[in-house]
$ cat start09.cif   # mmCIF, C-alpha atoms
data_work
#
loop_
_atom_site.label_atom_id
_atom_site.label_comp_id
_atom_site.auth_asym_id
_atom_site.auth_seq_id
_atom_site.Cartn_x
_atom_site.Cartn_y
_atom_site.Cartn_z
CA MET T 101 -43.79 -1.24 67.25
CA THR T 102 -43.03 1.45 69.79
CA ASP T 103 -46.54 1.70 71.25
CA PRO T 104 -48.20 -1.75 71.30
CA GLU T 105 -51.35 -0.62 73.11
CA ASN T 106 -52.15 1.94 70.42
CA LEU T 107 -50.46 0.62 67.26
CA LYS T 108 -50.20 -2.97 66.11
CA ARG T 109 -50.15 -5.35 63.18
CA ILE T 110 -52.93 -7.86 62.49
CA ARG T 111 -51.64 -10.39 59.99
CA ASN T 112 -54.68 -12.63 60.10
CA GLY T 113 -54.59 -15.11 57.24
CA ALA T 114 -52.73 -14.86 53.96
CA LYS T 115 -52.71 -12.16 51.32
CA VAL T 116 -55.69 -12.46 48.97
CA ARG T 117 -55.69 -12.62 45.20
CA HIS T 118 -55.69 -8.97 44.17
CA THR T 119 -57.93 -7.36 41.57
CA PHE T 120 -54.95 -7.00 39.25
CA ALA T 121 -51.63 -8.79 39.00
CA ASP T 122 -48.94 -7.72 41.46
CA SER T 123 -46.99 -6.34 38.50
CA GLU T 124 -49.82 -3.86 37.85
CA TYR T 125 -49.54 -2.41 41.36
CA ALA T 126 -45.75 -2.41 41.14
CA ALA T 127 -45.98 -0.40 37.91
CA ARG T 128 -48.37 2.11 39.46
CA GLN T 129 -46.14 2.53 42.49
CA ALA T 130 -43.09 2.94 40.26
CA SER T 131 -44.83 5.66 38.25
CA LEU T 132 -45.75 7.43 41.47
CA ARG T 133 -42.16 7.25 42.67
CA GLY T 134 -41.11 8.83 39.39
CA VAL T 135 -43.43 11.76 40.11
CA MET T 136 -42.12 11.92 43.67
CA ALA T 137 -38.57 12.17 42.41
CA ALA T 138 -39.50 14.91 39.95
CA MET T 139 -41.27 16.87 42.70
CA LYS T 140 -38.53 16.13 45.26
CA VAL T 141 -41.09 14.47 47.54
CA ASP T 142 -39.69 12.00 50.09
CA SER T 143 -42.94 10.42 51.28
CA VAL T 144 -46.57 10.42 50.23
CA LEU T 145 -49.55 10.08 52.54
CA PHE T 146 -52.72 9.29 50.61
CA THR T 147 -55.98 9.65 52.53
CA SER T 148 -58.68 9.33 49.84
CA ILE T 149 -60.56 6.16 49.00
CA HIS T 150 -59.65 6.39 45.32
CA ASN T 151 -55.88 6.84 45.66
CA ILE T 152 -55.52 4.29 48.46
CA ASN T 153 -57.42 1.77 46.38
CA TYR T 154 -55.59 2.61 43.15
CA TYR T 155 -52.13 2.10 44.64
CA SER T 156 -52.85 -0.77 47.04
CA ASP T 157 -56.15 -2.54 46.16
CA PHE T 158 -57.45 -1.73 49.66
CA LEU T 159 -60.91 -0.16 49.58
CA TYR T 160 -61.72 1.28 52.97
CA THR T 161 -65.03 2.06 54.66
CA SER T 162 -64.50 5.03 56.92
CA PHE T 163 -67.45 5.24 59.34
CA GLY T 164 -65.84 8.39 60.70
CA ARG T 165 -62.31 6.99 61.01
CA PRO T 166 -59.37 8.18 58.89
CA TYR T 167 -57.28 5.82 56.73
CA GLY T 168 -54.00 6.23 54.94
CA LEU T 169 -51.46 4.82 52.55
CA VAL T 170 -47.80 5.75 52.98
CA VAL T 171 -45.53 5.45 49.95
CA THR T 172 -41.79 6.05 50.19
CA GLY T 173 -38.87 4.97 48.05
CA ASP T 174 -38.84 1.50 49.58
CA LYS T 175 -42.22 0.75 51.15
CA VAL T 176 -46.01 0.92 50.71
CA VAL T 177 -47.86 0.75 54.03
CA SER T 178 -51.59 1.07 54.62
CA ILE T 179 -52.90 2.56 57.87
CA SER T 180 -56.23 1.17 59.06
CA ALA T 181 -58.49 1.07 62.10
CA ASN T 182 -58.60 -1.83 64.53
CA ILE T 183 -62.29 -2.39 63.75
CA ASP T 184 -61.34 -3.84 60.33
CA GLY T 185 -59.24 -6.66 61.75
CA GLY T 186 -56.91 -8.33 59.27
CA GLN T 187 -58.84 -7.44 56.11
CA PRO T 188 -56.68 -4.40 55.25
CA TRP T 189 -53.53 -6.48 55.67
CA ARG T 190 -54.90 -9.20 53.40
CA ARG T 191 -55.89 -6.73 50.69
CA THR T 192 -52.96 -4.27 50.69
CA ALA T 193 -50.70 -4.76 47.69
CA GLY T 194 -47.72 -3.34 49.54
CA THR T 195 -45.09 -4.12 52.10
CA ASP T 196 -47.15 -3.78 55.27
CA ASN T 197 -50.22 -2.60 57.17
CA VAL T 198 -50.33 -0.71 60.45
CA VAL T 199 -53.43 -0.82 62.67
CA TYR T 200 -54.35 1.91 65.12
CA THR T 201 -56.73 1.37 68.03
CA ASP T 202 -59.44 3.56 69.54
CA TRP T 203 -57.91 3.37 73.02
CA ARG T 204 -56.33 6.79 72.76
CA ARG T 205 -57.32 9.85 70.75
CA ASP T 206 -55.34 10.52 67.56
CA ASN T 207 -53.64 7.14 67.36
CA TYR T 208 -54.00 7.57 63.58
CA PHE T 209 -51.43 10.35 63.71
CA ARG T 210 -49.12 8.22 65.87
CA ALA T 211 -49.22 5.64 63.09
CA ILE T 212 -48.27 8.35 60.60
CA GLN T 213 -45.38 9.44 62.83
CA GLN T 214 -44.16 5.85 62.87
CA GLU T 215 -44.25 5.46 59.08
CA VAL T 216 -43.45 8.95 57.75
CA ALA T 217 -40.14 10.64 58.50
CA ASN T 218 -40.45 14.01 60.21
CA LYS T 219 -38.35 15.79 57.61
CA GLY T 220 -38.17 16.65 53.95
CA ARG T 221 -41.21 16.99 51.71
CA VAL T 222 -44.38 14.94 52.27
CA GLY T 223 -46.99 14.72 49.54
CA ILE T 224 -50.63 14.90 50.62
CA GLU T 225 -53.99 15.36 48.90
CA PHE T 226 -55.02 18.98 49.36
CA ASP T 227 -58.37 18.27 47.72
CA HIS T 228 -59.23 15.56 50.26
CA MET T 229 -57.72 16.53 53.59
CA ASN T 230 -59.88 18.78 55.76
CA LEU T 231 -58.49 21.61 57.89
CA GLU T 232 -58.62 19.72 61.18
CA THR T 233 -56.70 16.77 59.76
CA GLU T 234 -54.13 19.05 58.14
CA LYS T 235 -53.62 20.90 61.43
CA LYS T 236 -53.04 17.65 63.32
CA LEU T 237 -50.74 16.35 60.59
CA ARG T 238 -48.60 19.48 60.76
CA ALA T 239 -48.38 19.03 64.53
CA ALA T 240 -47.39 15.39 64.11
CA LEU T 241 -44.72 16.20 61.48
CA PRO T 242 -43.52 19.72 62.44
CA ASN T 243 -40.25 19.46 60.52
CA ALA T 244 -41.80 18.24 57.24
CA GLU T 245 -43.03 20.41 54.38
CA LEU T 246 -46.48 19.36 53.12
CA ILE T 247 -46.79 19.38 49.33
CA ASP T 248 -49.91 18.81 47.22
CA ILE T 249 -49.56 15.65 45.14
CA ALA T 250 -53.25 15.13 44.35
CA LYS T 251 -53.18 16.64 40.85
CA ALA T 252 -50.06 14.75 39.84
CA ALA T 253 -51.53 11.48 41.09
CA MET T 254 -54.75 12.21 39.21
CA GLY T 255 -52.75 12.68 36.03
CA LEU T 256 -51.32 9.18 36.44
CA ARG T 257 -54.76 7.68 36.99
CA MET T 258 -56.30 9.32 33.92
CA VAL T 259 -54.49 7.03 31.48
CA LYS T 260 -55.57 3.43 32.02
CA SER T 261 -53.45 0.33 31.67
CA ALA T 262 -54.53 -2.59 29.50
CA ALA T 263 -55.56 -4.46 32.64
CA GLU T 264 -57.73 -1.56 33.79
CA ILE T 265 -59.40 -1.26 30.40
CA ALA T 266 -60.18 -4.99 30.41
CA LEU T 267 -61.87 -4.63 33.81
CA ILE T 268 -63.79 -1.54 32.71
CA LYS T 269 -65.07 -3.43 29.68
CA GLU T 270 -66.37 -6.15 31.98
CA GLY T 271 -68.07 -3.46 34.03
CA ALA T 272 -69.75 -2.03 30.93
CA ARG T 273 -70.98 -5.50 30.00
CA ILE T 274 -72.40 -6.01 33.47
CA ALA T 275 -74.06 -2.58 33.38
CA ASP T 276 -75.86 -3.70 30.23
CA ILE T 277 -77.11 -6.75 32.12
CA GLY T 278 -78.43 -4.43 34.80
CA GLY T 279 -80.18 -2.37 32.14
CA ALA T 280 -81.92 -5.44 30.76
CA ALA T 281 -83.05 -6.39 34.27
CA CYS T 282 -84.35 -2.85 34.73
CA VAL T 283 -86.48 -3.03 31.60
CA GLU T 284 -87.71 -6.47 32.60
CA ALA T 285 -89.11 -5.07 35.87
CA ILE T 286 -90.77 -1.94 34.43
CA GLY T 287 -94.55 -1.93 34.43
CA GLU T 288 -97.53 0.22 35.26
CA GLY T 289 -97.91 0.56 39.02
CA VAL T 290 -94.44 -0.84 39.78
CA PRO T 291 -92.50 1.31 42.30
CA GLU T 292 -89.13 2.72 41.32
CA HIS T 293 -87.36 0.82 44.10
CA GLU T 294 -88.54 -2.56 42.82
CA VAL T 295 -87.12 -1.85 39.37
CA ALA T 296 -83.84 -0.73 40.92
CA LEU T 297 -83.60 -3.79 43.15
CA ASN T 298 -84.03 -6.12 40.18
CA ALA T 299 -81.21 -4.42 38.29
CA THR T 300 -78.80 -4.28 41.23
CA ARG T 301 -79.41 -7.93 42.09
CA ALA T 302 -78.62 -8.97 38.51
CA MET T 303 -75.39 -6.95 38.45
CA VAL T 304 -74.10 -8.17 41.83
CA ARG T 305 -74.69 -11.77 40.83
CA GLU T 306 -72.81 -11.28 37.57
CA ILE T 307 -69.91 -9.54 39.33
CA ALA T 308 -69.69 -12.45 41.79
CA LYS T 309 -69.67 -14.91 38.90
CA THR T 310 -67.07 -13.01 36.88
CA PHE T 311 -64.80 -12.00 39.79
CA PRO T 312 -65.18 -14.80 42.36
CA HIS T 313 -62.05 -13.65 44.24
CA GLY T 314 -63.29 -10.08 44.69
CA GLU T 315 -65.18 -8.19 47.35
CA LEU T 316 -68.78 -7.25 46.58
CA MET T 317 -69.66 -3.72 47.59
CA ASP T 318 -71.22 -0.47 46.42
CA SER T 319 -73.06 -1.53 43.23
CA TRP T 320 -76.32 0.35 42.91
CA THR T 321 -79.11 1.47 40.59
CA TRP T 322 -80.88 4.81 40.33
CA PHE T 323 -84.18 4.33 38.55
CA GLN T 324 -86.26 7.49 38.28
CA SER T 325 -89.69 8.23 36.86
CA GLY T 326 -91.68 11.34 36.04
CA ILE T 327 -90.54 14.44 37.91
CA ASN T 328 -87.80 12.41 39.61
CA THR T 329 -85.89 12.34 36.29
CA ASP T 330 -85.06 16.05 36.52
CA GLY T 331 -81.69 15.37 38.19
CA ALA T 332 -79.04 12.90 37.10
CA HIS T 333 -78.33 11.76 40.66
CA ASN T 334 -81.81 11.76 42.20
CA PRO T 335 -82.24 8.82 44.58
CA VAL T 336 -84.72 6.01 44.14
CA THR T 337 -88.18 6.51 45.65
CA SER T 338 -91.33 4.42 46.02
CA ARG T 339 -93.14 6.42 43.31
CA LYS T 340 -95.20 4.10 41.12
CA ILE T 341 -94.70 4.19 37.36
CA ARG T 342 -97.55 5.41 35.15
CA LYS T 343 -98.22 5.04 31.44
CA GLY T 344 -96.63 7.89 29.52
CA ASP T 345 -93.98 8.47 32.21
CA ILE T 346 -90.49 9.48 31.22
CA LEU T 347 -88.07 7.05 32.87
CA SER T 348 -84.35 7.24 33.60
CA LEU T 349 -82.33 4.04 33.91
CA ASN T 350 -78.98 4.33 35.72
CA CYS T 351 -77.04 1.14 36.49
CA PHE T 352 -73.70 1.26 38.33
CA PRO T 353 -71.82 -2.02 38.83
CA MET T 354 -68.84 -1.47 41.12
CA ILE T 355 -65.90 -3.84 40.73
CA ALA T 356 -63.11 -3.35 43.28
CA GLY T 357 -63.75 0.39 43.34
CA TYR T 358 -63.98 0.67 39.56
CA TYR T 359 -67.11 2.47 38.42
CA THR T 360 -68.96 1.83 35.20
CA ALA T 361 -72.39 3.06 34.20
CA LEU T 362 -75.30 2.64 31.86
CA GLU T 363 -77.78 5.52 31.64
CA ARG T 364 -80.76 5.62 29.31
CA THR T 365 -83.99 7.54 28.74
CA LEU T 366 -87.11 5.39 28.42
CA PHE T 367 -90.88 5.87 28.39
CA LEU T 368 -93.61 3.53 29.54
CA ASP T 369 -96.16 2.71 26.83
CA HIS T 370 -95.96 5.96 24.88
CA ALA T 371 -94.32 9.37 24.64
CA SER T 372 -95.97 12.64 23.64
CA PRO T 373 -95.00 14.30 20.34
CA ARG T 374 -92.99 16.99 22.18
CA ALA T 375 -91.27 14.38 24.33
CA LEU T 376 -90.28 12.45 21.22
CA GLU T 377 -88.92 15.65 19.66
CA LEU T 378 -86.83 16.47 22.72
CA TRP T 379 -85.62 12.89 23.03
CA GLU T 380 -84.55 12.80 19.38
CA ILE T 381 -82.63 16.08 19.75
CA ASN T 382 -80.77 14.77 22.79
CA CYS T 383 -79.97 11.56 20.90
CA LYS T 384 -78.66 13.73 18.04
CA VAL T 385 -76.30 15.44 20.47
CA HIS T 386 -75.29 12.05 21.86
CA ARG T 387 -74.58 10.55 18.44
CA HIS T 388 -72.46 13.52 17.40
CA GLY T 389 -70.67 13.49 20.73
CA LEU T 390 -69.68 9.88 20.20
CA THR T 391 -67.87 10.90 16.99
CA LEU T 392 -65.88 13.61 18.82
CA ILE T 393 -64.18 11.28 21.32
CA ARG T 394 -60.79 10.74 19.74
CA PRO T 395 -57.11 11.44 20.54
CA GLY T 396 -56.00 15.04 20.18
CA LYS T 397 -59.41 16.51 20.93
CA ARG T 398 -59.65 18.98 23.81
CA CYS T 399 -62.41 18.45 26.37
CA CYS T 400 -63.51 22.09 26.16
CA ASP T 401 -63.78 21.98 22.36
CA ILE T 402 -66.07 18.95 22.55
CA ALA T 403 -68.35 20.81 24.96
CA ASP T 404 -68.42 23.93 22.78
CA GLU T 405 -69.28 21.98 19.64
CA LEU T 406 -72.13 20.11 21.30
CA ASN T 407 -73.46 23.32 22.81
CA GLY T 408 -74.02 24.47 19.24
CA ILE T 409 -76.55 21.72 18.55
CA TYR T 410 -78.57 22.57 21.65
CA THR T 411 -78.37 26.25 20.71
CA ASP T 412 -79.74 25.55 17.22
CA HIS T 413 -82.80 23.95 18.83
CA GLY T 414 -83.22 26.57 21.56
CA LEU T 415 -82.43 24.04 24.29
CA LEU T 416 -79.03 25.12 25.67
CA LYS T 417 -80.66 26.70 28.72
CA TYR T 418 -82.00 23.25 29.67
CA ARG T 419 -78.58 21.55 29.71
CA THR T 420 -77.76 20.24 33.17
CA PHE T 421 -74.02 19.35 33.40
CA GLY T 422 -70.86 18.57 31.43
CA TYR T 423 -70.92 16.12 28.55
CA GLY T 424 -68.89 13.35 30.16
CA HIS T 425 -66.16 12.36 32.57
CA SER T 426 -63.31 9.95 33.18
CA PHE T 427 -63.70 6.41 34.44
CA GLY T 428 -61.65 4.37 36.89
CA VAL T 429 -61.64 4.29 40.68
CA LEU T 430 -64.54 6.55 41.54
CA CYS T 431 -68.01 6.54 43.00
CA HIS T 432 -70.54 9.02 44.34
CA TYR T 433 -68.38 9.29 47.45
CA TYR T 434 -64.97 8.18 46.17
CA GLY T 435 -64.07 11.30 44.19
CA ARG T 436 -63.00 11.28 40.54
CA GLU T 437 -60.54 12.60 37.97
CA ALA T 438 -61.70 16.19 37.64
CA GLY T 439 -59.06 16.94 35.02
CA LEU T 440 -60.86 14.79 32.47
CA GLU T 441 -64.34 16.30 32.31
CA LEU T 442 -65.98 17.22 29.01
CA ARG T 443 -66.70 20.80 30.05
CA GLU T 444 -65.98 24.27 28.74
CA ASP T 445 -63.36 24.95 31.44
CA ILE T 446 -61.27 21.80 30.97
CA GLU T 447 -58.45 21.99 28.40
CA THR T 448 -57.16 18.41 28.81
CA VAL T 449 -56.33 16.77 25.49
CA LEU T 450 -57.72 13.27 25.01
CA ALA T 451 -55.04 10.60 24.62
CA PRO T 452 -54.97 6.85 24.02
CA GLY T 453 -55.76 4.91 27.18
CA MET T 454 -58.18 7.46 28.56
CA VAL T 455 -61.72 6.25 29.22
CA VAL T 456 -64.55 8.77 29.12
CA SER T 457 -68.32 8.92 28.90
CA MET T 458 -70.51 10.77 26.48
CA GLU T 459 -73.66 11.73 28.37
CA PRO T 460 -75.62 14.77 27.24
CA MET T 461 -78.64 15.71 29.38
CA ILE T 462 -81.38 18.30 29.21
CA THR T 463 -84.16 18.84 31.75
CA LEU T 464 -87.43 20.62 31.03
CA PRO T 465 -89.35 21.71 34.13
CA GLU T 466 -92.82 20.62 35.14
CA GLY T 467 -95.55 22.47 33.30
CA GLU T 468 -93.72 22.56 29.98
CA PRO T 469 -94.60 20.10 27.19
CA GLY T 470 -92.29 17.08 27.34
CA ALA T 471 -91.22 17.89 30.92
CA GLY T 472 -88.51 15.66 32.39
CA GLY T 473 -84.84 14.77 32.17
CA TYR T 474 -83.43 13.24 28.97
CA ARG T 475 -80.01 11.58 29.18
CA GLU T 476 -78.04 8.96 27.25
CA HIS T 477 -74.67 7.60 28.36
CA ASP T 478 -72.01 5.51 26.63
CA ILE T 479 -68.46 4.65 27.75
CA LEU T 480 -65.63 5.06 25.26
CA VAL T 481 -62.00 3.93 25.37
CA VAL T 482 -59.74 6.35 23.51
CA THR T 483 -57.49 4.47 21.07
CA GLU T 484 -54.58 5.47 18.84
CA ASN T 485 -56.88 6.42 15.97
CA GLY T 486 -60.30 7.01 17.51
CA ALA T 487 -62.36 5.47 20.26
CA GLU T 488 -64.09 2.20 21.06
CA ASP T 489 -67.65 2.42 22.38
CA ILE T 490 -67.96 -0.38 24.96
CA THR T 491 -71.64 0.23 25.79
CA ARG T 492 -73.97 -2.10 23.90
CA PHE T 493 -77.41 -1.22 25.30
CA PRO T 494 -79.42 0.56 22.56
CA PHE T 495 -80.72 4.10 22.95
CA GLY T 496 -83.48 6.23 21.46
CA PRO T 497 -87.25 6.07 20.89
CA GLU T 498 -87.04 3.16 18.47
CA HIS T 499 -85.67 0.94 21.25
CA ASN T 500 -86.73 2.27 24.62
CA ILE T 501 -90.48 2.82 24.68
CA VAL T 502 -91.41 -0.02 27.01
CA LYS T 503 -94.80 -1.59 26.40
CA ALA T 504 -97.12 -1.63 29.40
#
$ encode --input "start09.cif" --output "structure tokens"
Amino acid sequence: MTDPENLKRIRNGAKVRHTFADSEYAARQASLRGVMAAMKVDSVLFTSIHNINYYSDFLYTSFGRPYGLVVTGDKVVSISANIDGGQPWRRTAGTDNVVYTDWRRDNYFRAIQQEVANKGRVGIEFDHMNLETEKKLRAALPNAELIDIAKAAMGLRMVKSAAEIALIKEGARIADIGGAACVEAIGEGVPEHEVALNATRAMVREIAKTFPHGELMDSWTWFQSGINTDGAHNPVTSRKIRKGDILSLNCFPMIAGYYTALERTLFLDHASPRALELWEINCKVHRHGLTLIRPGKRCCDIADELNGIYTDHGLLKYRTFGYGHSFGVLCHYYGREAGLELREDIETVLAPGMVVSMEPMITLPEGEPGAGGYREHDILVVTENGAEDITRFPFGPEHNIVKA
């Protein structure tokens, strides 16, 4: 180290057992180096939670501090803040970890200067780095050319390895457990937050049982009722459930940064005739969508075909978002693989090893018969000849009208 007061190493303890085998991380890093060679990139500086985790198994918590992962032809080094102690060193599946202190402003960039050569082409994530950070990085590496590598890295992440698919399947299983715990807690007069707490507790306990060597962080449940179902990502409130309420169950077990989800429409005690009609139509879209997930199918074509069903029923104007997205290292603040969204503007062709959701949603506003948000959500693994649905929790009115 050239600046021991500001940069140091904290090798406290031994390396932990990683989420995947060391060979998995070595393969990911080798694929990245192949992209680097093709793009004539000498070094990569990742700054996002998702890419740092994907290539090193280190999942950072920022609290306003920047983090990094430097990848060159012969090393993988994480850059972390002093506040985290030796945890980043223990978790990084790479050659080293560099710690910067708070004792002097911009020590983070001094760490970058130490690990990244001030020459050639340096790959960064244009979709993650803000203008202030980019300005300081250019000042720290004035002789280097900054190249966007975010899209290329995303392309590598979109096709999952066998080990990733096995973990995602465990996540889907645990999401189903959360769903069952959700239903168990539903009742007249029960606040949304109590239902959500029951589901999250069940999922965290199952993750701890299944992955005893892992870190436990970021699992959560959104359980919405009544008007709160109008958005897919509306937070939990203390609203109390009433008979006849439309309910939205959303369970998200997080395993080492890997997101899985279970999302279902339910009603407490009964649903009105119009609500049942709307629910059945959305389930029709969902069922057909499940048949469209297969290799060779373009994301945009799937969206267009499903739009036709809503159009036939006069409901397209109530659709709320795309029909599905990729799975892997993502979260509501991690970022995700935008190139694999089931939307009209995405031309990506589905291929074996991709993992996507099918999740149609319509929302009818307050004051209209059957008002509320209707959404179903399954996770599918694209195979050589079709797709495997790894969600087991049932959907539709015949299963999800919960008795008071």
$ resolve_selection --input "start09.cif" --expression "the PyMOL selection byres ((chain T and resi 443) around 10)" --output "list in words"
Arg398, Cys399, Cys400, Asp401, Ile402, Ala403, Asp404, Phe421, Gly422, Tyr423, Gly424, His425, Gly439, Leu440, Glu441, Leu442, Glu444, Asp445, Ile446, Glu447 and Thr448 of chain T
$ closest_atom_pairs --input "start09.cif" --of "region 317-425 of chain T" --to "region 459-481 of chain T" --cutoff "10 Å" --atoms "all atoms listed in the file" --output "JSON lines"
{"residue": "T:Gln324", "atom": "CA", "partner": "T:Gly473", "partner_atom": "CA", "distance": 9.6}
{"residue": "T:Ser325", "atom": "CA", "partner": "T:Gly472", "partner_atom": "CA", "distance": 8.8}
{"residue": "T:Gly326", "atom": "CA", "partner": "T:Gly472", "partner_atom": "CA", "distance": 6.5}
{"residue": "T:Ile327", "atom": "CA", "partner": "T:Gly472", "partner_atom": "CA", "distance": 6.0}
{"residue": "T:Asn328", "atom": "CA", "partner": "T:Gly472", "partner_atom": "CA", "distance": 7.9}
{"residue": "T:Thr329", "atom": "CA", "partner": "T:Gly473", "partner_atom": "CA", "distance": 4.9}
{"residue": "T:Asp330", "atom": "CA", "partner": "T:Gly473", "partner_atom": "CA", "distance": 4.5}
{"residue": "T:Gly331", "atom": "CA", "partner": "T:Gly473", "partner_atom": "CA", "distance": 6.8}
{"residue": "T:Ala332", "atom": "CA", "partner": "T:Gly473", "partner_atom": "CA", "distance": 7.8}
{"residue": "T:Asp345", "atom": "CA", "partner": "T:Gly472", "partner_atom": "CA", "distance": 9.0}
{"residue": "T:Ile346", "atom": "CA", "partner": "T:Gly472", "partner_atom": "CA", "distance": 6.6}
{"residue": "T:Leu347", "atom": "CA", "partner": "T:Gly473", "partner_atom": "CA", "distance": 8.4}
{"residue": "T:Ser348", "atom": "CA", "partner": "T:Arg475", "partner_atom": "CA", "distance": 7.6}
{"residue": "T:Leu349", "atom": "CA", "partner": "T:Arg475", "partner_atom": "CA", "distance": 9.2}
{"residue": "T:Asn350", "atom": "CA", "partner": "T:His477", "partner_atom": "CA", "distance": 9.1}
{"residue": "T:Thr360", "atom": "CA", "partner": "T:Ile479", "partner_atom": "CA", "distance": 8.0}
{"residue": "T:Ala361", "atom": "CA", "partner": "T:Ile479", "partner_atom": "CA", "distance": 7.7}
{"residue": "T:Leu362", "atom": "CA", "partner": "T:His477", "partner_atom": "CA", "distance": 6.1}
{"residue": "T:Glu363", "atom": "CA", "partner": "T:His477", "partner_atom": "CA", "distance": 5.0}
{"residue": "T:Arg364", "atom": "CA", "partner": "T:Glu476", "partner_atom": "CA", "distance": 4.8}
{"residue": "T:Thr365", "atom": "CA", "partner": "T:Arg475", "partner_atom": "CA", "distance": 5.7}
{"residue": "T:Leu366", "atom": "CA", "partner": "T:Tyr474", "partner_atom": "CA", "distance": 8.7}
{"residue": "T:Ala371", "atom": "CA", "partner": "T:Gly470", "partner_atom": "CA", "distance": 8.4}
{"residue": "T:Ser372", "atom": "CA", "partner": "T:Gly470", "partner_atom": "CA", "distance": 6.9}
{"residue": "T:Pro373", "atom": "CA", "partner": "T:Gly470", "partner_atom": "CA", "distance": 8.0}
{"residue": "T:Arg374", "atom": "CA", "partner": "T:Gly470", "partner_atom": "CA", "distance": 5.2}
{"residue": "T:Ala375", "atom": "CA", "partner": "T:Gly470", "partner_atom": "CA", "distance": 4.2}
{"residue": "T:Leu376", "atom": "CA", "partner": "T:Gly470", "partner_atom": "CA", "distance": 7.9}
{"residue": "T:Glu377", "atom": "CA", "partner": "T:Gly470", "partner_atom": "CA", "distance": 8.5}
{"residue": "T:Leu378", "atom": "CA", "partner": "T:Gly470", "partner_atom": "CA", "distance": 7.2}
{"residue": "T:Trp379", "atom": "CA", "partner": "T:Tyr474", "partner_atom": "CA", "distance": 6.3}
{"residue": "T:Glu380", "atom": "CA", "partner": "T:Tyr474", "partner_atom": "CA", "distance": 9.7}
{"residue": "T:Ile381", "atom": "CA", "partner": "T:Tyr474", "partner_atom": "CA", "distance": 9.7}
{"residue": "T:Asn382", "atom": "CA", "partner": "T:Pro460", "partner_atom": "CA", "distance": 6.8}
{"residue": "T:Cys383", "atom": "CA", "partner": "T:Glu476", "partner_atom": "CA", "distance": 7.1}
{"residue": "T:Lys384", "atom": "CA", "partner": "T:Pro460", "partner_atom": "CA", "distance": 9.7}
{"residue": "T:Val385", "atom": "CA", "partner": "T:Pro460", "partner_atom": "CA", "distance": 6.8}
{"residue": "T:His386", "atom": "CA", "partner": "T:Pro460", "partner_atom": "CA", "distance": 6.0}
{"residue": "T:Arg387", "atom": "CA", "partner": "T:Glu476", "partner_atom": "CA", "distance": 9.6}
{"residue": "T:Gly389", "atom": "CA", "partner": "T:Pro460", "partner_atom": "CA", "distance": 8.3}
{"residue": "T:Leu390", "atom": "CA", "partner": "T:Leu480", "partner_atom": "CA", "distance": 8.1}
{"residue": "T:Ile393", "atom": "CA", "partner": "T:Leu480", "partner_atom": "CA", "distance": 7.5}
{"residue": "T:Arg394", "atom": "CA", "partner": "T:Val481", "partner_atom": "CA", "distance": 8.9}
{"residue": "T:Ala403", "atom": "CA", "partner": "T:Pro460", "partner_atom": "CA", "distance": 9.7}
{"residue": "T:Leu406", "atom": "CA", "partner": "T:Pro460", "partner_atom": "CA", "distance": 8.7}
{"residue": "T:Asn407", "atom": "CA", "partner": "T:Pro460", "partner_atom": "CA", "distance": 9.9}
{"residue": "T:Tyr410", "atom": "CA", "partner": "T:Ile462", "partner_atom": "CA", "distance": 9.1}
{"residue": "T:Leu415", "atom": "CA", "partner": "T:Ile462", "partner_atom": "CA", "distance": 7.6}
{"residue": "T:Leu416", "atom": "CA", "partner": "T:Ile462", "partner_atom": "CA", "distance": 8.0}
{"residue": "T:Lys417", "atom": "CA", "partner": "T:Ile462", "partner_atom": "CA", "distance": 8.4}
{"residue": "T:Tyr418", "atom": "CA", "partner": "T:Ile462", "partner_atom": "CA", "distance": 5.0}
{"residue": "T:Arg419", "atom": "CA", "partner": "T:Ile462", "partner_atom": "CA", "distance": 4.3}
{"residue": "T:Thr420", "atom": "CA", "partner": "T:Ile462", "partner_atom": "CA", "distance": 5.7}
{"residue": "T:Phe421", "atom": "CA", "partner": "T:Met461", "partner_atom": "CA", "distance": 7.1}
{"residue": "T:Gly422", "atom": "CA", "partner": "T:Pro460", "partner_atom": "CA", "distance": 7.4}
{"residue": "T:Tyr423", "atom": "CA", "partner": "T:Pro460", "partner_atom": "CA", "distance": 5.1}
{"residue": "T:Gly424", "atom": "CA", "partner": "T:Glu459", "partner_atom": "CA", "distance": 5.3}
{"residue": "T:His425", "atom": "CA", "partner": "T:Glu459", "partner_atom": "CA", "distance": 8.6}
$ closest_residue --input "start09.cif" --among "T:Ser178, T:Arg133, T:Ala296, T:Ala285" --to "Ile152 (chain T)" --atoms "only C-alpha atoms"
T:Ser178
$ residues_around --input "start09.cif" --residues "Cys431 (chain T)" --least-positions-apart "6" --cutoff "9 Å" --atoms "only C-alpha atoms" --output "PyMOL selection string"
chain T and resi 150+318+354+357-359
$ resolve_selection --input "start09.cif" --expression "the PyMOL selection byres ((chain T and resi 262) around 12)" --output "PyMOL selection string"
chain T and resi 120-121+124+259-261+263-269+452-455+481-483
$ closest_residue --input "start09.cif" --among "T:Gly134, T:Gly173, T:Gly279, T:Gly194" --to "Pro494 (chain T)" --atoms "only C-alpha atoms"
T:Gly279
$ resolve_selection --input "start09.cif" --expression "the PyMOL selection byres ((chain T and resi 253-255) around 10)" --output "ChimeraX atom specification"
/T:131-132,135-136,146,150-151,154,225,248-252,256-259,436-440
$ atom_distance --input "start09.cif" --atom1 "CA of Ser338 (chain T)" --atom2 "CA of Ile355 (chain T)"
27.3 Å
$ closest_residue --input "start09.cif" --among "T:Asp157, T:Asp174, T:Glu270, T:Glu488" --to "Pro188 (chain T)" --atoms "only C-alpha atoms"
T:Asp157
